[in-house]
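Visitor: If it helps, the file is called target.txt and holds compact mmCIF, C-alpha atoms and all ligand atoms:
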```
# COMPACT_ATOMS: atom_id res chain seq x y z
CA MET A 1 5.38 26.36 9.45
CA VAL A 2 3.61 28.69 7.07
CA ASP A 3 2.64 26.02 4.56
CA ASP A 4 1.37 23.41 7.05
CA PRO A 5 -1.89 22.27 5.41
CA ARG A 6 -3.29 21.36 8.83
CA ARG A 7 -3.08 24.90 10.14
CA ILE A 8 -6.58 26.01 9.31
CA LYS A 9 -8.15 28.69 11.46
CA ILE A 10 -11.94 28.60 11.53
CA SER A 11 -11.88 32.38 11.99
CA ASP A 12 -10.12 32.70 8.60
CA PHE A 13 -13.27 31.55 6.78
CA PRO A 14 -13.86 34.34 4.20
CA LYS A 15 -17.30 35.42 5.45
CA ASP A 16 -17.22 38.50 3.26
CA GLY A 17 -15.66 36.75 0.27
CA ASN A 18 -17.52 35.22 -2.66
CA LEU A 19 -18.86 31.65 -2.61
CA LYS A 20 -15.90 30.43 -4.69
CA SER A 21 -13.41 31.57 -2.05
CA GLN A 22 -15.57 29.94 0.63
CA ILE A 23 -15.63 26.65 -1.30
CA GLU A 24 -11.83 26.84 -1.61
CA PHE A 25 -11.63 27.31 2.15
CA VAL A 26 -13.69 24.21 2.99
CA LEU A 27 -11.76 22.17 0.41
CA ARG A 28 -8.70 22.61 2.65
CA TYR A 29 -10.44 20.22 5.06
CA ALA A 30 -11.23 17.75 2.26
CA ILE A 31 -7.56 17.23 1.35
CA LEU A 32 -6.65 16.18 4.90
CA ALA A 33 -8.63 12.96 4.46
CA PRO A 34 -6.89 9.60 4.67
CA SER A 35 -6.22 7.92 1.33
CA THR A 36 -4.82 4.61 0.24
CA HIS A 37 -0.96 4.88 0.20
CA ASN A 38 -1.55 8.60 0.84
CA SER A 39 -2.09 8.83 -2.91
CA GLN A 40 -4.59 11.73 -2.58
CA PRO A 41 -6.39 10.67 -5.77
CA TRP A 42 -8.90 13.56 -5.76
CA LEU A 43 -9.27 16.52 -8.10
CA PHE A 44 -11.71 19.39 -7.64
CA LYS A 45 -13.29 21.76 -10.13
CA ILE A 46 -15.16 24.72 -8.72
CA GLU A 47 -18.01 26.06 -10.80
CA SER A 48 -19.76 28.11 -8.18
CA PRO A 49 -22.20 27.22 -6.61
CA GLU A 50 -20.97 23.68 -7.33
CA CYS A 51 -17.78 21.74 -6.86
CA TYR A 52 -17.19 18.70 -9.08
CA ILE A 53 -15.09 15.94 -7.59
CA TYR A 54 -13.01 13.81 -9.96
CA TYR A 55 -10.41 11.15 -9.53
CA ASP A 56 -6.99 11.40 -11.08
CA PRO A 57 -6.57 8.33 -13.34
CA LYS A 58 -2.78 8.61 -12.97
CA LEU A 59 -3.16 7.73 -9.30
CA VAL A 60 -4.94 4.40 -9.66
CA LEU A 61 -2.95 1.73 -7.77
CA LEU A 62 -3.09 -1.08 -10.28
CA GLU A 63 -1.51 -3.64 -7.96
CA ALA A 64 -2.83 -2.70 -4.52
CA ASP A 65 -6.26 -1.56 -5.64
CA PRO A 66 -7.10 -3.06 -9.04
CA LYS A 67 -10.87 -2.73 -8.47
CA THR A 68 -10.35 0.96 -7.49
CA ARG A 69 -12.51 0.42 -4.42
CA ASP A 70 -9.93 2.01 -2.12
CA LEU A 71 -9.63 4.97 -4.47
CA TYR A 72 -13.40 5.58 -4.22
CA ILE A 73 -13.35 5.06 -0.44
CA SER A 74 -10.50 7.59 -0.14
CA ILE A 75 -12.50 10.12 -2.15
CA GLY A 76 -15.55 9.32 0.02
CA CYS A 77 -13.43 10.27 3.07
CA ALA A 78 -12.47 13.59 1.42
CA LEU A 79 -16.12 14.19 0.49
CA GLU A 80 -17.16 13.67 4.13
CA ASN A 81 -14.60 16.21 5.35
CA LEU A 82 -15.84 18.66 2.73
CA ILE A 83 -19.48 18.21 3.72
CA LEU A 84 -18.70 18.45 7.45
CA ALA A 85 -16.81 21.72 6.94
CA ALA A 86 -19.44 23.16 4.59
CA THR A 87 -22.20 22.17 7.03
CA TYR A 88 -20.34 23.87 9.86
CA PHE A 89 -20.25 27.15 7.91
CA ASN A 90 -23.83 26.52 6.73
CA ILE A 91 -22.95 26.62 3.04
CA PHE A 92 -23.66 22.93 2.25
CA ASP A 93 -26.69 22.37 0.07
CA PHE A 94 -26.61 18.98 -1.67
CA VAL A 95 -24.43 16.09 -2.79
CA GLY A 96 -25.06 14.05 -5.97
CA TYR A 97 -23.34 10.80 -6.87
CA GLY A 98 -24.14 10.77 -10.57
CA PRO A 99 -23.87 8.87 -12.87
CA PHE A 100 -22.09 11.62 -14.81
CA GLN A 101 -20.97 11.74 -18.44
CA ASN A 102 -17.28 12.02 -17.59
CA LYS A 103 -16.16 8.70 -16.09
CA TYR A 104 -13.68 10.42 -13.79
CA HIS A 105 -16.44 12.57 -12.29
CA LEU A 106 -17.53 10.92 -9.03
CA ALA A 107 -19.63 13.45 -7.14
CA THR A 108 -20.97 16.98 -7.23
CA VAL A 109 -21.40 19.07 -4.12
CA ARG A 110 -23.71 22.09 -4.35
CA PHE A 111 -23.19 24.98 -1.96
CA LYS A 112 -25.47 27.81 -0.89
CA ASP A 113 -24.79 31.42 0.01
CA TYR A 114 -23.35 32.14 3.41
CA THR A 115 -25.94 33.98 5.46
CA GLY A 116 -24.05 34.27 8.70
CA ALA A 117 -26.37 31.79 10.37
CA GLY A 118 -24.43 29.00 12.05
CA GLY A 119 -24.74 25.43 10.81
CA GLU A 120 -24.22 22.42 13.00
CA LYS A 121 -21.80 24.05 15.47
CA ASN A 122 -19.44 21.12 15.48
CA ASP A 123 -16.06 22.81 15.69
CA LEU A 124 -14.67 19.82 17.61
CA ILE A 125 -15.04 17.70 14.46
CA LEU A 126 -13.37 20.37 12.30
CA GLY A 127 -10.45 20.50 14.74
CA THR A 128 -10.31 16.70 14.67
CA ILE A 129 -10.06 16.67 10.86
CA THR A 130 -6.83 18.68 11.19
CA LYS A 131 -5.42 16.40 13.90
CA ARG A 132 -6.46 12.88 12.84
CA ILE A 133 -3.71 10.59 11.69
CA ASN A 134 -3.67 6.90 10.89
CA ALA A 135 -2.15 5.72 14.20
CA ARG A 136 0.15 2.80 13.51
CA GLY A 137 1.89 0.75 16.18
CA LEU A 138 0.79 -1.01 19.35
CA PHE A 139 -2.41 -0.23 21.21
CA SER A 140 -2.75 -0.32 24.99
CA ALA A 141 -5.03 -2.87 26.65
CA GLU A 142 -7.66 -0.22 27.49
CA THR A 143 -11.02 -1.34 26.11
CA VAL A 144 -13.41 0.97 24.30
CA PRO A 145 -16.44 1.48 26.60
CA LEU A 146 -19.76 0.19 25.29
CA ASN A 147 -21.40 3.60 25.67
CA VAL A 148 -18.74 5.07 23.33
CA ILE A 149 -19.39 2.35 20.74
CA ASN A 150 -23.14 2.88 21.06
CA SER A 151 -22.93 6.61 20.62
CA VAL A 152 -20.62 6.29 17.60
CA SER A 153 -22.82 3.60 16.07
CA SER A 154 -25.75 6.02 15.93
CA LEU A 155 -23.85 7.82 13.13
CA ALA A 156 -24.21 4.71 10.98
CA GLN A 157 -28.01 4.45 11.23
CA GLU A 158 -28.87 6.48 8.12
CA TYR A 159 -26.46 4.32 6.08
CA SER A 160 -28.27 1.08 6.90
CA THR A 161 -31.09 2.24 4.60
CA HIS A 162 -28.49 2.13 1.78
CA GLY A 163 -27.54 -1.45 2.74
CA ILE A 164 -24.33 -0.34 4.50
CA ASN A 165 -23.69 -1.67 8.00
CA VAL A 166 -21.05 -1.48 10.70
CA HIS A 167 -19.80 -4.44 12.76
CA TRP A 168 -17.96 -3.97 16.03
CA VAL A 169 -15.57 -6.78 17.00
CA THR A 170 -14.30 -6.77 20.59
CA ASP A 171 -14.01 -10.51 21.22
CA LYS A 172 -10.27 -11.22 21.59
CA LYS A 173 -10.40 -14.51 19.69
CA GLU A 174 -12.13 -12.83 16.75
CA VAL A 175 -9.70 -9.91 16.81
CA LEU A 176 -6.81 -12.40 16.61
CA GLU A 177 -8.47 -14.20 13.70
CA LEU A 178 -8.85 -10.89 11.85
CA ALA A 179 -5.19 -10.09 12.60
CA SER A 180 -4.18 -13.47 11.10
CA LEU A 181 -6.25 -12.88 7.97
CA THR A 182 -4.69 -9.43 7.58
CA ALA A 183 -1.22 -10.94 7.93
CA GLU A 184 -2.06 -13.65 5.35
CA GLY A 185 -3.51 -11.05 2.98
CA LEU A 186 -0.34 -8.96 3.22
CA LYS A 187 1.89 -11.98 2.72
CA SER A 188 0.03 -12.95 -0.44
CA ALA A 189 0.32 -9.39 -1.77
CA TYR A 190 4.07 -9.16 -1.07
CA HIS A 191 4.67 -12.47 -2.86
CA ARG A 192 3.95 -10.60 -6.10
CA SER A 193 6.94 -8.60 -7.32
CA SER A 194 4.59 -6.24 -9.21
CA PHE A 195 2.89 -5.34 -5.90
CA ARG A 196 6.26 -4.79 -4.21
CA LYS A 197 7.49 -2.55 -7.05
CA GLU A 198 4.38 -0.40 -6.82
CA MET A 199 4.59 -0.25 -3.00
CA SER A 200 8.24 0.75 -3.06
CA ARG A 201 7.36 3.79 -5.23
CA TRP A 202 4.98 5.04 -2.51
CA MET A 203 7.28 4.41 0.48
CA HIS A 204 9.65 7.28 1.23
CA ASN A 205 12.43 7.90 3.70
CA SER A 206 11.53 9.89 6.81
CA LEU A 207 13.26 13.06 5.57
CA THR A 208 11.38 13.13 2.29
CA ASN A 209 10.10 16.35 0.74
CA SER A 210 7.55 14.37 -1.19
CA LYS A 211 3.99 15.63 -0.81
CA ASP A 212 2.40 12.21 -1.12
CA GLY A 213 3.08 8.60 -0.18
CA LEU A 214 4.14 6.98 3.06
CA PRO A 215 7.11 8.48 4.89
CA GLY A 216 9.02 5.99 7.06
CA TYR A 217 8.06 7.77 10.29
CA ALA A 218 4.35 7.15 9.56
CA LEU A 219 5.13 3.43 9.31
CA ARG A 220 7.11 3.76 12.55
CA MET A 221 10.44 2.89 10.95
CA PRO A 222 13.74 4.01 12.43
CA LEU A 223 15.35 6.73 10.29
CA LEU A 224 18.03 4.55 8.70
CA VAL A 225 15.59 1.74 7.96
CA SER A 226 13.35 4.26 6.18
CA PHE A 227 16.14 4.81 3.62
CA VAL A 228 16.74 1.12 3.00
CA LEU A 229 13.34 -0.54 3.22
CA PRO A 230 11.71 1.01 0.14
CA ILE A 231 14.63 -0.34 -1.93
CA LEU A 232 14.68 -3.73 -0.21
CA ILE A 233 10.98 -4.43 -0.61
CA LYS A 234 11.27 -3.83 -4.33
CA TRP A 235 13.67 -6.76 -4.73
CA PHE A 236 12.94 -9.06 -1.79
CA ASP A 237 9.76 -10.53 -0.42
CA LEU A 238 9.66 -9.07 3.09
CA GLY A 239 5.98 -9.96 3.44
CA TRP A 240 6.81 -12.29 6.36
CA LEU A 241 8.24 -9.34 8.34
CA LEU A 242 5.62 -6.73 7.45
CA SER A 243 2.79 -9.17 8.08
CA LYS A 244 4.22 -9.95 11.54
CA LEU A 245 4.32 -6.24 12.40
CA ASN A 246 0.77 -5.75 11.15
CA TYR A 247 -0.38 -8.82 13.08
CA LYS A 248 1.12 -7.43 16.30
CA SER A 249 -0.46 -4.04 15.81
CA LEU A 250 -3.94 -5.26 14.85
CA SER A 251 -4.06 -7.95 17.52
CA SER A 252 -3.24 -5.38 20.23
CA ALA A 253 -6.32 -3.30 19.35
CA PRO A 254 -9.36 -3.60 21.63
CA LEU A 255 -11.88 -2.91 18.86
CA VAL A 256 -12.05 -3.77 15.16
CA THR A 257 -14.63 -1.94 13.08
CA ILE A 258 -15.75 -3.46 9.78
CA ILE A 259 -18.04 -1.76 7.28
CA THR A 260 -20.01 -4.11 5.02
CA ALA A 261 -22.45 -3.45 2.18
CA THR A 262 -25.04 -5.32 0.16
CA ASN A 263 -23.95 -3.62 -3.07
CA ASN A 264 -20.46 -3.45 -4.47
CA ASP A 265 -20.69 -0.47 -6.81
CA THR A 266 -18.91 2.85 -7.01
CA SER A 267 -21.51 5.00 -5.24
CA THR A 268 -21.59 2.45 -2.39
CA TRP A 269 -17.80 2.76 -2.07
CA LEU A 270 -18.08 6.56 -1.87
CA LYS A 271 -20.70 6.22 0.87
CA VAL A 272 -18.56 3.65 2.72
CA GLY A 273 -15.73 6.21 2.63
CA ARG A 274 -17.99 8.94 3.99
CA LEU A 275 -19.24 6.74 6.81
CA ALA A 276 -15.75 5.44 7.64
CA GLU A 277 -14.33 8.95 7.89
CA ARG A 278 -17.27 10.17 9.99
CA ILE A 279 -16.85 7.29 12.46
CA MET A 280 -13.06 7.58 12.59
CA LEU A 281 -13.35 11.32 13.26
CA GLU A 282 -15.88 10.71 16.02
CA PHE A 283 -13.58 8.24 17.76
CA ASN A 284 -10.63 10.61 17.38
CA SER A 285 -12.66 13.49 18.81
CA LEU A 286 -13.27 11.31 21.88
CA ASN A 287 -9.51 10.70 22.17
CA TRP A 288 -9.57 7.22 20.67
CA ARG A 289 -7.13 6.61 17.81
CA THR A 290 -7.89 4.75 14.59
CA SER A 291 -5.78 2.73 12.18
CA ILE A 292 -6.83 1.25 8.81
CA PHE A 293 -5.99 -2.31 7.66
CA VAL A 294 -7.59 -3.44 4.40
CA ALA A 295 -5.41 -6.44 3.44
CA ALA A 296 -7.93 -9.05 4.66
CA ILE A 297 -10.62 -7.36 2.57
CA GLU A 298 -8.64 -6.58 -0.57
CA MET A 299 -6.45 -9.63 -1.10
CA GLY A 300 -7.57 -12.98 -2.51
CA ASP A 301 -10.58 -14.63 -0.91
CA PHE A 302 -9.79 -13.68 2.67
CA HIS A 303 -12.93 -11.53 2.78
CA LYS A 304 -14.96 -14.76 2.87
CA GLU A 305 -13.30 -15.66 6.18
CA VAL A 306 -14.00 -12.14 7.44
CA GLN A 307 -17.67 -12.67 6.53
CA LYS A 308 -17.75 -15.85 8.63
CA ILE A 309 -16.20 -14.13 11.66
CA ILE A 310 -18.75 -11.33 11.66
CA ASP A 311 -21.54 -13.61 10.43
CA THR A 312 -22.78 -11.60 7.47
CA ASP A 313 -23.70 -12.12 3.81
CA GLN A 314 -22.80 -8.52 3.03
CA LEU A 315 -19.41 -7.79 1.46
CA PRO A 316 -16.75 -6.42 3.81
CA GLN A 317 -15.61 -3.08 2.36
CA PHE A 318 -13.42 -1.42 4.96
CA LEU A 319 -11.69 -2.29 8.22
CA PHE A 320 -10.07 -0.14 10.86
CA VAL A 321 -9.14 -0.60 14.49
CA VAL A 322 -9.72 1.68 17.46
CA GLY A 323 -7.67 2.04 20.62
CA LYS A 324 -5.26 4.12 22.66
CA VAL A 325 -1.64 4.55 21.62
CA ASP A 326 1.16 6.01 23.77
CA MET A 327 2.72 8.13 21.11
CA LEU A 328 1.51 9.60 17.86
CA HIS A 329 3.85 10.01 14.94
CA LYS A 330 4.14 13.18 12.86
CA SER A 331 1.37 13.70 10.34
CA THR A 332 1.78 12.69 6.70
CA PRO A 333 2.30 15.26 3.92
CA ARG A 334 -0.33 16.67 1.57
CA TYR A 335 -0.24 18.48 -1.74
CA GLU A 336 -1.35 22.09 -1.49
CA LEU A 337 -4.96 22.56 -2.51
CA HIS A 338 -4.07 24.50 -5.68
CA LYS A 339 -2.30 21.38 -7.03
CA LYS A 340 -5.62 19.54 -6.82
CA LEU A 341 -7.79 22.23 -8.39
CA ILE A 342 -8.54 21.97 -12.09
CA SER A 343 -10.14 24.53 -14.36
C1 LIG B 401 -9.10 3.17 1.53
C2 LIG B 401 -7.89 3.21 2.43
C3 LIG B 401 -7.15 2.04 2.63
C4 LIG B 401 -6.04 2.08 3.49
N1 LIG B 401 -5.38 0.90 3.76
C5 LIG B 401 -4.38 0.89 4.67
C6 LIG B 401 -3.77 -0.33 5.06
O1 LIG B 401 -4.17 -1.41 4.62
N2 LIG B 401 -2.73 -0.28 5.93
C7 LIG B 401 -2.29 0.90 6.44
O2 LIG B 401 -1.34 0.87 7.24
N3 LIG B 401 -2.88 2.08 6.12
C8 LIG B 401 -3.91 2.10 5.27
N4 LIG B 401 -4.53 3.27 4.95
C9 LIG B 401 -4.11 4.52 5.60
C10 LIG B 401 -3.30 5.43 4.67
O3 LIG B 401 -2.02 4.90 4.44
C11 LIG B 401 -3.22 6.83 5.30
O4 LIG B 401 -4.51 7.34 5.38
C12 LIG B 401 -2.36 7.77 4.48
O5 LIG B 401 -1.02 7.37 4.53
C13 LIG B 401 -2.47 9.22 4.98
O6 LIG B 401 -2.06 9.30 6.31
P1 LIG B 401 -3.03 9.86 7.45
O7 LIG B 401 -4.28 9.01 7.44
O8 LIG B 401 -2.24 9.68 8.72
O9 LIG B 401 -3.35 11.28 7.15
C14 LIG B 401 -5.65 3.29 4.10
C15 LIG B 401 -6.41 4.45 3.88
C16 LIG B 401 -7.54 4.42 3.06
C17 LIG B 401 -8.37 5.65 2.88
```
Is it possible to give me this structure as structure tokens?
Ligand SMILES: Cc1cc2nc3c(=O)[nH]c(=O)nc-3n(C[C@H](O)[C@H](O)[C@H](O)COP(=O)(O)O)c2cc1C
Guide:
Amino acid sequence: MVDDPRRIKISDFPKDGNLKSQIEFVLRYAILAPSTHNSQPWLFKIESPECYIYYDPKLVLLEADPKTRDLYISIGCALENLILAATYFNIFDFVGYGPFQNKYHLATVRFKDYTGAGGEKNDLILGTITKRINARGLFSAETVPLNVINSVSSLAQEYSTHGINVHWVTDKKEVLELASLTAEGLKSAYHRSSFRKEMSRWMHNSLTNSKDGLPGYALRMPLLVSFVLPILIKWFDLGWLLSKLNYKSLSSAPLVTIITATNNDTSTWLKVGRLAERIMLEFNSLNWRTSIFVAAIEMGDFHKEVQKIIDTDQLPQFLFVVGKVDMLHKSTPRYELHKKLIS
């Protein structure tokens, strides 16, 4: 497909082009980041040598993400992809987290001229950005080797100086407890009709042409169900069913990764997003799949139970699982970059 946003050839980087065209090229990696409900809440303004990153206020999820933490984490994931790609081509200079005058302005990335010298020659990670998907469904019993966890955890070291830490949960009993909390969190969300109405707007059938949201195939729904479920959840509380499916999926995973932080402010959320994306990409590059579940963190007071399980005073900010799955579903859609560029 000509317009497949994931078909990015490293050799197409415009070496002889101007910095603006090079920034546009690396932004194609940014927009492949995961985002809450696949809402893709980012906007980019290029003022060479800088790129300003904004959020789109129209894409705030008032019911699922009233604190906007997941919006910031999503943009942190996009920022990480952008920095990884720019570092690869050796045009990354600096990232600033503000504060900025415009409240929608979240970060500024400064680039430097391309000199032909290679950056961190990590083309495996760039390839992984184009292939990573949020892998829903059941995980096999294969455990994640300790040496893999140890090597991935080294990526988190620099973040601990910012009060951001990663917890690795492999104990089966604890994984089951986290699965229960996730299921309870989802149930409580689906009790609210306002949450269901919002959710149903983001769920699409599997043949959708929509460039955002959650197509049925990504949620592993049979084709016919994907046409009916978005309508049903709007009117009926199917939280009992969806929480069961989430429980089964999470409890089958051999590893749960939880990111916690001392602070609970917007620049911390951006950094949590960057770290989460970096770790998820690393696992994916090693052929381990990742899947995000934030219900136990976002809903009600369940995060306090999560804190007890992992024995921390820091606030849980993000949770994803790691494991092997038999089959990957098709990747989710994205808006073309030009739809996310503002002048
Ligand atoms: C901050 C954040 C929270 C998310 N929360 C959940 C979640 O609770 N459950 C879920 O199934 N997916 C969750 N996702 C995954 C998104 O739905 C997924 O990234 C999006 O649909 C795009 O698909 P992709 O990651 O396969 O590219 C979350 C993603 C982000 C960045």
Visitor: What residues have any atom no more than 8 Å from ligand LIG 401 (chain B) when counting all atoms listed in the file, and can you list them as a ChimeraX atom specification?
Guide: /A:32-39,69-75,77,132-136,213-214,218-219,246,273,291-295,318,331-333
Visitor: Enter the distance from atom CA of Ala141 of chain A to atom CA of Val225 of chain A, in Å, rounded to one decimal.
Guide: 28.2 Å
Visitor: Here is a test: counting all atoms listed in the file, which residue of A:Trp168, A:Phe302, A:Lys187, A:Phe100 is nearest to Pro145 of chain A?
Guide: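 Closest to Pro145 of chain A of all the choices is A:Trp168.
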Visitor: Write out as a list in words which residues come within 8 Å of segment 232-243 of chain A when counting all atoms listed in the file, dropping same-chain ones fewer than 3 positions away.
Guide: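 Final neighbour list, sorted by chain and number: Thr182, Ala183, Glu184, Leu186, Lys187, Ser188, Ala189, Tyr190, His191, Ser193, Arg196, Lys197, Met199, Ser200, Val228, Leu229, Asn246 and Tyr247 of chain A.
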Visitor: Can you write just those residues out, C-alpha atoms, as a PDB file, in the coordinates of the input?
Guide:
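Result written to result15.pdb:
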```pdb
ATOM      1  CA  THR A 182      -4.690  -9.430   7.580  1.00  0.00           C
ATOM      2  CA  ALA A 183      -1.220 -10.940   7.930  1.00  0.00           C
ATOM      3  CA  GLU A 184      -2.060 -13.650   5.350  1.00  0.00           C
ATOM      4  CA  LEU A 186      -0.340  -8.960   3.220  1.00  0.00           C
ATOM      5  CA  LYS A 187       1.890 -11.980   2.720  1.00  0.00           C
ATOM      6  CA  SER A 188       0.030 -12.950  -0.440  1.00  0.00           C
ATOM      7  CA  ALA A 189       0.320  -9.390  -1.770  1.00  0.00           C
ATOM      8  CA  TYR A 190       4.070  -9.160  -1.070  1.00  0.00           C
ATOM      9  CA  HIS A 191       4.670 -12.470  -2.860  1.00  0.00           C
ATOM     10  CA  SER A 193       6.940  -8.600  -7.320  1.00  0.00           C
ATOM     11  CA  ARG A 196       6.260  -4.790  -4.210  1.00  0.00           C
ATOM     12  CA  LYS A 197       7.490  -2.550  -7.050  1.00  0.00           C
ATOM     13  CA  MET A 199       4.590  -0.250  -3.000  1.00  0.00           C
ATOM     14  CA  SER A 200       8.240   0.750  -3.060  1.00  0.00           C
ATOM     15  CA  VAL A 228      16.740   1.120   3.000  1.00  0.00           C
ATOM     16  CA  LEU A 229      13.340  -0.540   3.220  1.00  0.00           C
ATOM     17  CA  ASN A 246       0.770  -5.750  11.150  1.00  0.00           C
ATOM     18  CA  TYR A 247      -0.380  -8.820  13.080  1.00  0.00           C
TER      19      TYR A 247
END
```
Visitor: Compare A:Ile310, A:Leu146, A:Leu79, A:Leu43 by their minimum atom-to-atom distance to Thr257 of chain A, counting all atoms listed in the file, and give me the closest one.
Guide: A:Ile310
Visitor: Find the residues near Trp288 of chain A: any atom within 8 Å, counting only C-alpha atoms, skip ones fewer than 6 places away on the same chain, and give them as a count of residues only.
Guide: 3
Visitor: So that I can check the surroundings of Leu62 of chain A, please list as a VMD selection string every protein, DNA and RNA residue that reaches within 9 Å of it, counting all atoms listed in the file and ignoring chain neighbours fewer than 5 positions away.
Guide: chain A and resid 67 to 68 195 198
Visitor: Atom CA of Tyr97 of chain A to atom CA of Lys271 of chain A: how many Å, to one decimal?
Guide: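 Atom CA of Lys271 of chain A lies at a distance of 9.4 Å from atom CA of Tyr97 of chain A.
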Visitor: Compare A:Glu80, A:Asp65, A:Asp16, A:Asp212 by their minimum atom-to-atom distance to Leu275 of chain A, counting all atoms listed in the file, and give me the closest one.
Guide: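 Among A:Glu80, A:Asp65, A:Asp16, A:Asp212, it is A:Glu80 that comes nearest to Leu275 of chain A.
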Visitor: Report, in Å with one decimal, the straight-line distance from atom CA of Gly17 of chain A to atom CA of Ser343 of chain A.
Guide: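 One can read the atom CA of Gly17 of chain A to atom CA of Ser343 of chain A distance as 19.8 Å.
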Visitor: Can you pull out the residues contacting Ser48 of chain A? Cut-off 8 Å, using only C-alpha atoms, and skip same-chain residues under 2 positions away; I want them as an NGL selection string.
Guide: :A and (19-20 or 46 or 50-51 or 111)
Visitor: I need the residue nearest His105 of chain A from this list: A:Gly127, A:Pro57, A:Pro230, A:Gly163. Use only C-alpha atoms for the distance.
Guide: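 So, comparing all the options, the nearest one is A:Pro57.
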Visitor: Give me, as a list in words, all polymer residues having an atom no more than 8 Å from Leu281 of chain A, counting only C-alpha atoms and skipping those fewer than 6 positions away in the same chain.
Guide: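 Neighbouring residues, sequence-local ones excluded: Ile125, Thr128, Ile129 and Arg132 of chain A.
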Visitor: Create the file for the chosen residues now, containing C-alpha atoms and written as a compact mmCIF listing (two decimals), keeping the file's coordinate frame.
Guide:
```txt
# COMPACT_ATOMS: atom_id res chain seq x y z
CA ILE A 125 -15.04 17.70 14.46
CA THR A 128 -10.31 16.70 14.67
CA ILE A 129 -10.06 16.67 10.86
CA ARG A 132 -6.46 12.88 12.84
```
Visitor: Once you count only C-alpha atoms, which residues end up no further than 12 Å from (-26.5, 24.4, -5.4) in the file's frame, shown as number ranges by chain?
Guide: A: 19, 23, 46-52, 91-96, 108-113
Visitor: Can you work out which one of A:Thr87, A:Asn165, A:Ser226, A:Ser285 has the shortest atom-to-atom distance to Asn263 of chain A, counting only C-alpha atoms?
Guide: A:Asn165
Visitor: So, with all atoms listed in the file as the atoms that count, which of A:Arg278, A:Lys330, A:Lys340, A:Lys244 lies closest to Leu181 of chain A?
Guide: A:Lys244
